[in-house]
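*Asks:* Got a structure for you, written out below as structure tokens; questions coming shortly.
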Protein chains: 2
Amino acid sequence: MNCEVVAVGTELLLGQIVDTNSSWIGEQLALAGIDSYFQTKVGDNWQRIRNALELALSRSDAVIVCGGLGPTQDDITRDVIAEVMGVGLEEDPEVVERLLRTFGSRGRSMPMNNLRQAMVPVGATRIPQQPGTAPGLVCPVGDKVVFAVPGVPYEMQEMVTGTVIPELRRRAGDTGVIRSRTLRTWGHSESGIAEMLGHRLEHLDQSGHATIAFLASGIEGLKVRVTAKAATAEEADAVLAAEVDEVASVLADYVFSTDDEPMEAVVLDLLRRRGLTLGTAESVTGGLIASRLTGVPGASDVLRGSVVAYASEVKFDVLGVPAGPVVTDAAAAAMAEGACRALGADVAVATTGVAGPDEQEGVAVGTVFFATTVDGVTETGMVRFPFDRERIRQFTVITVLDHLRRRLLAR
Amino acid sequence: MNCEVVAVGTELLLGQIVDTNSSWIGEQLALAGIDSYFQTKVGDNWQRIRNALELALSRSDAVIVCGGLGPTQDDITRDVIAEVMGVGLEEDPEVVERLLRTFGSRGRSMPMNNLRQAMVPVGATRIPQQPGTAPGLVCPVGDKVVFAVPGVPYEMQEMVTGTVIPELRRRAGDTGVIRSRTLRTWGHSESGIAEMLGHRLEHLDQSGHATIAFLASGIEGLKVRVTAKAATAEEADAVLAAEVDEVASVLADYVFSTDDEPMEAVVLDLLRRRGLTLGTAESVTGGLIASRLTGVPGASDVLRGSVVAYASEVKFDVLGVPAGPVVTDAAAAAMAEGACRALGADVAVATTGVAGPDEQEGVAVGTVFFATTVDGVTETGMVRFPFDRERIRQFTVITVLDHLRRRLLAR
């Protein structure tokens, strides 16, 4: 069974929107064990959509068409699919009723062109999930099938997860259950992680019950995805849980999450469970640590605040850093201790360094000093990043948070 | 003249990498007036790359193939193009020499597989720009042409701008010069901006010398791109300058940049030219304002620092906010004034509000109070955003920076 993706929309070709839908669908197909060899983008043009669909049907077992299901004259995906199926369109009274209800409940009258969305190729069935107004469609073409889903990401995702993937697996005669979980790691290279897991990978190749895939994800860490397949959900869950335990125990504290959580959420959780509050003192990261922490709902339980001390005088006056050079490990330590005092926090992290473009105090671009204070004890570290300004800042954030995580685990 | 894009890489199909290259190329083609009807993604598979190339050549005048030019066994784009051209590969001694030089200058010996990158289809020419190790190629196929460029974005971009687009325009017999500039606006809807520019748009339709396109860009503002085309560079520059002036004067202070700069860079510039320093006091934005400002190289000239006052006590103790409710306009004002004092800044911005998921002090999620202090005078504002947590935070950042921008302009 293989399935390809056709994304419809002139704005995709013009580069006004990046086609993240196809990437997301590609990942879901790969997870479900369905091969996918081509993805195509095509504009809102009848003949070219038709050509793209016919080509896709000639070389793949199934096609997911994404976009062009809206109410405007541009939205012709339904019509072209009907032509490819060799059938007409008929009005689906349930969709009409739902559209009228939706507009009615918002106290608005429905523009007539919305009725276009109720036109369904004869022989097609509606996808039951319908989070928006545009209905998704399952359209049989001979022994193949075209799935039409909207271009709005959350609507598309609900339909693909709820109907398209299960239907593709059913057609593939794949009656088993697939479960997967993503572990995140920090502090070791992809080849290093792969080497640590070498014996597991060999074992898995033989057993065929589970697979492990690596995905380098920059400042989000190296992701390790474990996928299990079994006859029943219980069995798949059991295989997955056992495999995740095994991988997590081999990779030990390189793993910061066994549930695909970002580092900042993990650190907040560790602090919350220990009843500790956090403050940050940031120079080179300029508020990035605080902004990532405060992006997590519920951060206010733990985070007291942050002093972004960009000017040296702010380091001296607000954080009590002793006068002198400020791109040193001593300055980082004084900043972390000053953050505990100024913000009334139990625990603090601090960063000072040179993100460029120019060196500072004779310290080279890419040099970063960081500090963590836990239980009144301050530790510092230094890293040199061969990166540009933005990546120096971003890598500093995850480096110092990981340092704090390890200290909290060891506490 | 039309040109399509083929992006090569199994990781693109698996959704491990989002194909932003094709979107970028699509935008450049559109800007240059070259039609593009299809974009295809294909994995690292000989037969399927060949099929994709042959199909593209059958329906388009030119093809840009992106990716698969690296040194590993997976990288077979060169080889497949040679097959499609019906020619062999020959070693390009200049590329060999450059590769040896590159590795030598890094004090490393060159792995032999790098020599694959020096193999060029007979009859193809190298693209002169070569920022990385992989050479780009211009490969004639009958009266059509295949351009091969690397998948590394900055390498690809340099080659497309420097060689591919000019060569496509030459082939199209398009001897004119195209120039474009992007204005950014904030504070008015796309339809509102379009209405303000209505008479210009009509005029331009008739004159044919320049075009205006809108691009809604979320927290980056609504972009207005003006494109001019003329026989000579001087003429195009003159048409563009006149049109940009006209558009900027019609849109007045909705325009925050006539040169595609982000809001934070514009605000830093306005402050720098006035010799003023800036501090921020952030609650609901949690360091986002500071982190965006410090993302701009040279921000340290202007930005003193920031107090992220997430806990109420930090607002009271560090910023001197009077005890009492903290999600009010009075609290925002006290925070801005406190930031000036605590950070020794001439000018300050402050935010306090409710990003959710829960309401706070009886104030609904999405409610944001902000303040700006300039020349000792503090002004406040309130906005209600019907957004999720992250968008509430992001829209607050640009709203308060725009407020400060307008005050600095009016000063």
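Residue numbering restarts at 1 for every chain of the structure tokens, chains are lettered A, B, ... in their displayed order, and ligands are numbered from 1 as they appear.
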For chain A, work out the contacting residues on chain B at 8 Å, counting only C-alpha atoms, and write them as a ChimeraX atom specification.
*Replies:* /B:12-20,22-27,29-30,36-43,48,215,285-291,294-295,297,300,303-311,314,318,342-344,356-357,389-390
*Asks:* Least-squares align chain B to chain A using all Cα atoms paired by position, then dump the moved coordinates as a compact mmCIF listing (two decimals) with C-alpha atoms, in the first residue's frame.
*Replies:*
# COMPACT_ATOMS: atom_id res chain seq x y z
CA MET B 1 -0.31 -0.21 -0.17
CA ASN B 2 1.11 3.13 -1.12
CA CYS B 3 -0.38 6.58 -0.96
CA GLU B 4 0.75 9.90 -2.36
CA VAL B 5 -0.06 13.46 -1.41
CA VAL B 6 -1.31 16.27 -3.66
CA ALA B 7 -1.33 19.72 -2.05
CA VAL B 8 -3.57 22.24 -3.85
CA GLY B 9 -3.08 26.01 -3.74
CA THR B 10 -1.46 28.65 -5.92
CA GLU B 11 -0.08 30.32 -2.78
CA LEU B 12 2.01 27.15 -2.20
CA LEU B 13 3.65 27.45 -5.62
CA LEU B 14 4.29 31.16 -5.14
CA GLY B 15 6.10 30.43 -1.88
CA GLN B 16 3.67 32.53 0.14
CA ILE B 17 2.96 29.52 2.35
CA VAL B 18 5.36 26.67 3.07
CA ASP B 19 3.65 23.32 2.60
CA THR B 20 4.06 21.81 6.05
CA ASN B 21 0.89 19.73 5.62
CA SER B 22 2.49 17.29 3.18
CA SER B 23 5.45 16.81 5.51
CA TRP B 24 3.15 16.08 8.42
CA ILE B 25 1.09 13.63 6.35
CA GLY B 26 4.31 11.98 5.10
CA GLU B 27 5.37 11.40 8.70
CA GLN B 28 1.99 9.86 9.62
CA LEU B 29 2.09 7.54 6.59
CA ALA B 30 5.61 6.42 7.47
CA LEU B 31 4.56 5.77 11.08
CA ALA B 32 1.64 3.67 9.87
CA GLY B 33 3.90 1.63 7.58
CA ILE B 34 2.33 2.98 4.39
CA ASP B 35 4.75 3.71 1.55
CA SER B 36 4.66 7.14 -0.07
CA TYR B 37 6.74 7.85 -3.16
CA PHE B 38 5.61 11.24 -4.42
CA GLN B 39 4.26 14.54 -3.12
CA THR B 40 3.01 17.14 -5.57
CA LYS B 41 2.03 20.80 -5.23
CA VAL B 42 -0.33 22.23 -7.82
CA GLY B 43 -2.11 25.58 -8.18
CA ASP B 44 -5.85 26.33 -8.15
CA ASN B 45 -6.25 25.33 -11.81
CA TRP B 46 -8.87 22.81 -12.95
CA GLN B 47 -6.91 21.05 -15.68
CA ARG B 48 -3.67 20.87 -13.71
CA ILE B 49 -5.37 19.56 -10.56
CA ARG B 50 -7.07 16.97 -12.76
CA ASN B 51 -3.75 15.96 -14.35
CA ALA B 52 -2.08 15.70 -10.96
CA LEU B 53 -4.91 13.54 -9.57
CA GLU B 54 -5.01 11.22 -12.57
CA LEU B 55 -1.25 10.80 -12.52
CA ALA B 56 -1.30 10.07 -8.79
CA LEU B 57 -4.10 7.51 -9.22
CA SER B 58 -2.19 5.85 -12.06
CA ARG B 59 0.87 5.15 -9.93
CA SER B 60 -0.39 4.92 -6.32
CA ASP B 61 -3.13 2.97 -4.56
CA ALA B 62 -4.47 5.99 -2.74
CA VAL B 63 -4.19 9.78 -2.89
CA ILE B 64 -4.62 12.39 -0.17
CA VAL B 65 -5.60 15.77 -1.69
CA CYS B 66 -5.08 18.62 0.71
CA GLY B 67 -6.69 22.04 0.22
CA GLY B 68 -9.19 23.66 -2.12
CA LEU B 69 -12.27 22.67 -0.09
CA GLY B 70 -13.23 26.18 1.06
CA PRO B 71 -16.23 28.27 -0.01
CA THR B 72 -14.67 30.52 -2.66
CA GLN B 73 -14.62 30.17 -6.44
CA ASP B 74 -10.93 29.19 -6.19
CA ASP B 75 -11.83 26.10 -4.20
CA ILE B 76 -12.45 23.54 -6.91
CA THR B 77 -11.02 20.33 -5.44
CA ARG B 78 -14.53 18.82 -4.95
CA ASP B 79 -15.52 19.56 -8.54
CA VAL B 80 -12.34 18.14 -10.06
CA ILE B 81 -12.60 14.95 -8.01
CA ALA B 82 -16.19 14.47 -9.23
CA GLU B 83 -14.96 14.82 -12.81
CA VAL B 84 -12.18 12.28 -12.21
CA MET B 85 -14.75 9.93 -10.64
CA GLY B 86 -17.03 10.55 -13.66
CA VAL B 87 -19.95 11.59 -11.45
CA GLY B 88 -21.92 14.73 -10.62
CA LEU B 89 -22.16 16.65 -7.35
CA GLU B 90 -25.11 16.51 -5.00
CA GLU B 91 -25.97 18.69 -2.04
CA ASP B 92 -25.50 16.97 1.30
CA PRO B 93 -28.38 18.17 3.48
CA GLU B 94 -26.54 17.37 6.71
CA VAL B 95 -23.67 19.64 5.71
CA VAL B 96 -26.10 22.41 4.77
CA GLU B 97 -27.74 22.12 8.16
CA ARG B 98 -24.42 22.13 9.98
CA LEU B 99 -23.26 25.22 8.07
CA LEU B 100 -26.48 27.06 8.89
CA ARG B 101 -26.12 26.07 12.55
CA THR B 102 -22.50 27.22 12.70
CA PHE B 103 -23.24 30.63 11.26
CA GLY B 104 -26.44 30.94 13.33
CA SER B 105 -24.58 30.26 16.58
CA ARG B 106 -22.18 33.08 15.75
CA GLY B 107 -25.14 35.38 15.13
CA ARG B 108 -24.16 35.86 11.49
CA SER B 109 -26.08 35.16 8.32
CA MET B 110 -24.36 32.72 5.98
CA PRO B 111 -22.96 33.98 2.67
CA MET B 112 -24.50 31.81 -0.06
CA ASN B 113 -21.16 30.69 -1.45
CA ASN B 114 -20.70 28.60 1.69
CA LEU B 115 -23.22 26.18 0.20
CA ARG B 116 -20.47 25.14 -2.21
CA GLN B 117 -18.99 23.30 0.73
CA ALA B 118 -22.07 21.09 0.94
CA MET B 119 -21.66 19.77 -2.62
CA VAL B 120 -20.35 16.20 -2.54
CA PRO B 121 -19.42 13.95 -5.49
CA VAL B 122 -22.02 11.21 -5.93
CA GLY B 123 -20.65 8.04 -4.32
CA ALA B 124 -18.29 9.86 -1.98
CA THR B 125 -18.77 9.70 1.78
CA ARG B 126 -18.08 12.39 4.33
CA ILE B 127 -15.23 12.05 6.81
CA PRO B 128 -16.95 12.04 10.23
CA GLN B 129 -14.43 14.36 11.91
CA GLN B 130 -15.28 17.93 11.00
CA PRO B 131 -13.54 20.51 13.19
CA GLY B 132 -14.09 23.36 10.70
CA THR B 133 -16.74 24.17 8.11
CA ALA B 134 -15.15 22.30 5.17
CA PRO B 135 -16.15 18.61 5.08
CA GLY B 136 -13.50 16.03 4.23
CA LEU B 137 -14.38 13.34 1.72
CA VAL B 138 -13.60 9.69 0.98
CA CYS B 139 -13.97 9.27 -2.79
CA PRO B 140 -13.68 5.77 -4.30
CA VAL B 141 -12.22 5.65 -7.84
CA GLY B 142 -12.39 2.07 -9.09
CA ASP B 143 -10.48 0.01 -6.51
CA LYS B 144 -8.45 3.06 -5.52
CA VAL B 145 -9.41 5.99 -3.32
CA VAL B 146 -8.98 9.75 -3.10
CA PHE B 147 -9.20 11.40 0.33
CA ALA B 148 -9.96 15.13 0.23
CA VAL B 149 -9.00 17.07 3.37
CA PRO B 150 -8.90 20.82 4.07
CA GLY B 151 -5.66 22.83 4.00
CA VAL B 152 -6.17 24.21 7.53
CA PRO B 153 -3.59 22.19 9.49
CA TYR B 154 -5.61 21.27 12.59
CA GLU B 155 -8.67 20.32 10.55
CA MET B 156 -6.55 18.23 8.18
CA GLN B 157 -4.70 16.53 11.04
CA GLU B 158 -7.87 15.48 12.84
CA MET B 159 -9.26 13.90 9.66
CA VAL B 160 -6.02 12.16 8.68
CA THR B 161 -5.55 10.69 12.16
CA GLY B 162 -9.21 9.82 12.66
CA THR B 163 -10.19 8.46 9.26
CA VAL B 164 -7.56 8.49 6.50
CA ILE B 165 -4.81 6.46 8.20
CA PRO B 166 -7.18 3.83 9.69
CA GLU B 167 -8.92 3.46 6.30
CA LEU B 168 -5.57 3.07 4.49
CA ARG B 169 -4.48 0.43 6.96
CA ARG B 170 -7.80 -1.38 6.59
CA ARG B 171 -7.37 -1.37 2.81
CA ALA B 172 -3.82 -2.70 3.23
CA GLY B 173 -5.30 -5.62 5.17
CA ASP B 174 -3.21 -4.38 8.04
CA THR B 175 -5.22 -5.38 11.06
CA GLY B 176 -2.45 -4.89 13.58
CA VAL B 177 -2.14 -1.93 15.91
CA ILE B 178 0.73 0.54 15.72
CA ARG B 179 1.84 2.60 18.70
CA SER B 180 4.76 4.98 18.94
CA ARG B 181 6.43 7.24 21.45
CA THR B 182 9.17 9.81 21.13
CA LEU B 183 11.98 10.18 23.64
CA ARG B 184 14.02 13.35 23.59
CA THR B 185 17.70 13.45 24.43
CA TRP B 186 20.30 16.16 24.95
CA GLY B 187 24.04 16.11 25.33
CA HIS B 188 25.15 13.34 22.99
CA SER B 189 25.55 13.08 19.19
CA GLU B 190 23.32 10.99 16.95
CA SER B 191 26.15 8.54 16.28
CA GLY B 192 26.90 8.36 20.01
CA ILE B 193 23.25 7.62 20.84
CA ALA B 194 23.10 5.05 18.03
CA GLU B 195 26.22 3.36 19.42
CA MET B 196 24.76 3.21 22.93
CA LEU B 197 21.64 1.60 21.47
CA GLY B 198 23.60 -0.70 19.13
CA HIS B 199 22.63 -3.98 20.78
CA ARG B 200 18.96 -2.93 21.00
CA LEU B 201 18.88 -2.02 17.32
CA GLU B 202 20.30 -5.43 16.38
CA HIS B 203 17.88 -7.20 18.65
CA LEU B 204 14.94 -5.27 17.19
CA ASP B 205 15.99 -6.06 13.64
CA GLN B 206 15.67 -9.72 14.52
CA SER B 207 12.48 -9.57 16.54
CA GLY B 208 10.52 -7.32 14.18
CA HIS B 209 8.18 -6.22 16.97
CA ALA B 210 9.47 -2.67 17.36
CA THR B 211 11.58 -0.17 15.47
CA ILE B 212 13.71 2.76 16.57
CA ALA B 213 14.28 5.86 14.46
CA PHE B 214 16.49 8.90 15.15
CA LEU B 215 15.58 12.43 14.24
CA ALA B 216 18.07 15.23 14.85
CA SER B 217 15.98 18.25 15.90
CA GLY B 218 18.46 21.04 16.65
CA ILE B 219 17.66 22.83 19.87
CA GLU B 220 14.75 20.47 20.46
CA GLY B 221 17.29 17.72 21.00
CA LEU B 222 17.84 14.40 19.25
CA LYS B 223 14.53 12.57 19.12
CA VAL B 224 14.41 8.79 19.41
CA ARG B 225 11.13 7.38 18.18
CA VAL B 226 10.13 3.90 19.25
CA THR B 227 7.35 2.23 17.25
CA ALA B 228 5.66 -1.04 18.14
CA LYS B 229 3.28 -3.14 16.06
CA ALA B 230 1.17 -5.99 17.33
CA ALA B 231 -2.11 -7.82 16.78
CA THR B 232 -3.96 -6.02 19.57
CA ALA B 233 -3.76 -2.62 21.23
CA GLU B 234 -2.85 -4.23 24.57
CA GLU B 235 -0.02 -6.16 23.02
CA ALA B 236 1.31 -3.12 21.11
CA ASP B 237 1.15 -0.97 24.24
CA ALA B 238 3.01 -3.63 26.20
CA VAL B 239 5.74 -4.02 23.56
CA LEU B 240 6.08 -0.24 23.35
CA ALA B 241 6.25 0.29 27.10
CA ALA B 242 8.90 -2.41 27.48
CA GLU B 243 10.97 -1.03 24.63
CA VAL B 244 10.72 2.59 25.84
CA ASP B 245 11.83 1.46 29.33
CA GLU B 246 14.78 -0.39 27.84
CA VAL B 247 15.87 2.53 25.64
CA ALA B 248 15.40 5.04 28.46
CA SER B 249 17.47 2.92 30.82
CA VAL B 250 20.30 2.52 28.30
CA LEU B 251 20.38 6.24 27.49
CA ALA B 252 19.96 7.15 31.18
CA ASP B 253 20.09 10.87 31.88
CA TYR B 254 20.66 11.84 28.24
CA VAL B 255 16.88 11.34 28.01
CA PHE B 256 15.04 14.41 29.21
CA SER B 257 11.56 13.34 28.15
CA THR B 258 9.99 9.97 27.32
CA ASP B 259 6.88 11.74 26.08
CA ASP B 260 8.11 14.24 23.47
CA GLU B 261 7.98 17.19 25.87
CA PRO B 262 10.24 20.20 25.33
CA MET B 263 13.05 20.85 27.82
CA GLU B 264 11.36 23.90 29.37
CA ALA B 265 8.22 21.92 30.23
CA VAL B 266 10.34 19.15 31.76
CA VAL B 267 12.27 21.61 33.94
CA LEU B 268 9.09 23.36 35.10
CA ASP B 269 7.64 19.98 36.02
CA LEU B 270 10.68 18.92 38.03
CA LEU B 271 10.56 22.20 39.96
CA ARG B 272 6.81 22.00 40.52
CA ARG B 273 7.03 18.49 41.93
CA ARG B 274 9.72 19.67 44.34
CA GLY B 275 7.78 22.80 45.34
CA LEU B 276 10.54 25.11 44.11
CA THR B 277 10.22 28.49 42.36
CA LEU B 278 12.50 29.68 39.56
CA GLY B 279 14.03 32.96 38.43
CA THR B 280 16.29 33.71 35.47
CA ALA B 281 19.02 36.33 34.99
CA GLU B 282 19.79 36.70 31.31
CA SER B 283 22.37 38.63 29.38
CA VAL B 284 23.39 36.75 26.22
CA THR B 285 19.99 35.00 25.98
CA GLY B 286 18.20 38.34 26.39
CA GLY B 287 14.87 36.96 27.66
CA LEU B 288 14.78 33.80 25.54
CA ILE B 289 14.85 31.49 28.58
CA ALA B 290 11.98 33.36 30.21
CA SER B 291 9.99 33.50 26.98
CA ARG B 292 10.33 29.75 26.42
CA LEU B 293 9.37 28.98 30.02
CA THR B 294 6.35 31.32 29.90
CA GLY B 295 5.25 29.68 26.65
CA VAL B 296 4.27 26.63 28.74
CA PRO B 297 0.72 26.92 30.16
CA GLY B 298 0.83 26.94 33.95
CA ALA B 299 4.40 28.31 34.13
CA SER B 300 3.22 30.92 36.64
CA ASP B 301 3.10 28.22 39.38
CA VAL B 302 6.86 28.01 39.23
CA LEU B 303 8.38 31.00 37.47
CA ARG B 304 8.74 34.16 39.55
CA GLY B 305 10.24 36.21 36.74
CA SER B 306 13.44 37.23 35.05
CA VAL B 307 15.92 40.05 34.99
CA VAL B 308 17.26 40.60 31.49
CA ALA B 309 20.45 42.47 32.37
CA TYR B 310 21.73 43.58 28.99
CA ALA B 311 23.58 46.69 30.15
CA SER B 312 26.37 46.09 32.68
CA GLU B 313 24.83 48.64 35.08
CA VAL B 314 21.66 46.57 35.27
CA LYS B 315 23.80 43.59 36.29
CA PHE B 316 25.44 45.71 39.00
CA ASP B 317 22.38 47.62 40.22
CA VAL B 318 19.53 45.11 39.97
CA LEU B 319 21.39 41.83 40.41
CA GLY B 320 24.25 42.99 42.65
CA VAL B 321 27.00 41.68 40.39
CA PRO B 322 30.34 43.14 41.63
CA ALA B 323 31.76 45.87 39.36
CA GLY B 324 34.27 44.46 36.87
CA PRO B 325 34.18 42.26 33.76
CA VAL B 326 30.73 40.77 33.12
CA VAL B 327 31.56 37.96 30.69
CA THR B 328 33.05 35.61 33.26
CA ASP B 329 31.96 32.62 35.30
CA ALA B 330 32.06 34.77 38.44
CA ALA B 331 29.61 37.23 36.87
CA ALA B 332 27.31 34.37 35.84
CA ALA B 333 27.36 33.04 39.41
CA ALA B 334 26.62 36.48 40.88
CA MET B 335 23.77 36.92 38.40
CA ALA B 336 22.14 33.62 39.42
CA GLU B 337 22.45 34.46 43.10
CA GLY B 338 21.17 37.98 42.43
CA ALA B 339 18.17 36.56 40.58
CA CYS B 340 17.25 34.43 43.61
CA ARG B 341 17.38 37.54 45.81
CA ALA B 342 15.78 40.09 43.48
CA LEU B 343 12.98 37.80 42.33
CA GLY B 344 12.46 35.88 45.58
CA ALA B 345 13.14 32.58 43.80
CA ASP B 346 14.41 29.29 45.29
CA VAL B 347 16.32 28.34 42.16
CA ALA B 348 17.90 30.44 39.40
CA VAL B 349 19.69 30.11 36.08
CA ALA B 350 21.93 32.82 34.60
CA THR B 351 23.69 33.40 31.28
CA THR B 352 26.36 35.84 30.13
CA GLY B 353 28.35 35.58 26.94
CA VAL B 354 29.10 36.93 23.50
CA ALA B 355 26.57 36.27 20.72
CA GLY B 356 28.35 38.53 18.25
CA PRO B 357 28.82 40.00 15.78
CA ASP B 358 31.68 41.58 17.81
CA GLU B 359 33.78 40.22 20.67
CA GLN B 360 33.34 41.77 24.11
CA GLU B 361 35.86 42.34 26.92
CA GLY B 362 38.33 40.42 24.75
CA VAL B 363 36.11 37.34 24.91
CA ALA B 364 35.52 35.60 21.54
CA VAL B 365 32.11 35.39 19.88
CA GLY B 366 30.37 32.15 20.83
CA THR B 367 31.72 32.00 24.38
CA VAL B 368 29.01 31.57 26.98
CA PHE B 369 29.17 31.34 30.78
CA PHE B 370 26.17 30.00 32.64
CA ALA B 371 25.27 29.38 36.27
CA THR B 372 22.60 27.57 38.24
CA THR B 373 21.73 28.12 41.89
CA VAL B 374 19.93 25.29 43.70
CA ASP B 375 19.57 25.13 47.51
CA GLY B 376 21.88 28.11 47.77
CA VAL B 377 24.68 26.28 45.96
CA THR B 378 25.84 27.89 42.70
CA GLU B 379 27.58 25.98 39.92
CA THR B 380 28.93 27.47 36.68
CA GLY B 381 29.90 26.19 33.27
CA MET B 382 31.42 27.52 30.06
CA VAL B 383 30.74 26.55 26.43
CA ARG B 384 32.12 27.78 23.12
CA PHE B 385 29.64 27.53 20.25
CA PRO B 386 30.87 27.78 16.62
CA PHE B 387 27.47 29.18 15.61
CA ASP B 388 25.75 32.35 14.44
CA ARG B 389 24.08 34.80 16.84
CA GLU B 390 20.66 33.16 16.92
CA ARG B 391 21.96 29.63 17.37
CA ILE B 392 24.40 30.72 20.09
CA ARG B 393 21.43 32.17 21.98
CA GLN B 394 19.17 29.16 21.39
CA PHE B 395 21.81 26.55 22.28
CA THR B 396 22.63 28.49 25.44
CA VAL B 397 18.98 28.24 26.52
CA ILE B 398 18.81 24.47 26.25
CA THR B 399 22.31 24.00 27.68
CA VAL B 400 21.57 25.88 30.89
CA LEU B 401 18.11 24.31 31.27
CA ASP B 402 19.66 20.85 30.84
CA HIS B 403 22.27 21.72 33.47
CA LEU B 404 19.49 22.68 35.88
CA ARG B 405 17.55 19.49 35.02
CA ARG B 406 20.52 17.30 35.89
CA ARG B 407 21.06 19.11 39.18
CA LEU B 408 17.39 18.69 40.14
CA LEU B 409 17.51 14.98 39.31
CA ALA B 410 20.67 14.55 41.39
CA ARG B 411 19.25 16.54 44.31
*Asks:* Enumerate as an MDAnalysis selection string all residues of region 222-383 of chain B assigned to alpha helix (DSSP H) by DSSP on the backbone, naming them with the chain letters and numbers the document uses.
*Replies:* chainID B and resid 233:251 263:274 288:294 312:319 329:343
*Asks:* Among region 33-108 of chain B, which residues does DSSP mark as strand (DSSP E or B) when it is run on the backbone? Keep the chain and numbering as in the structure and answer as a PyMOL selection string.
*Replies:* chain B and resi 35+38-42+62-66+89-91
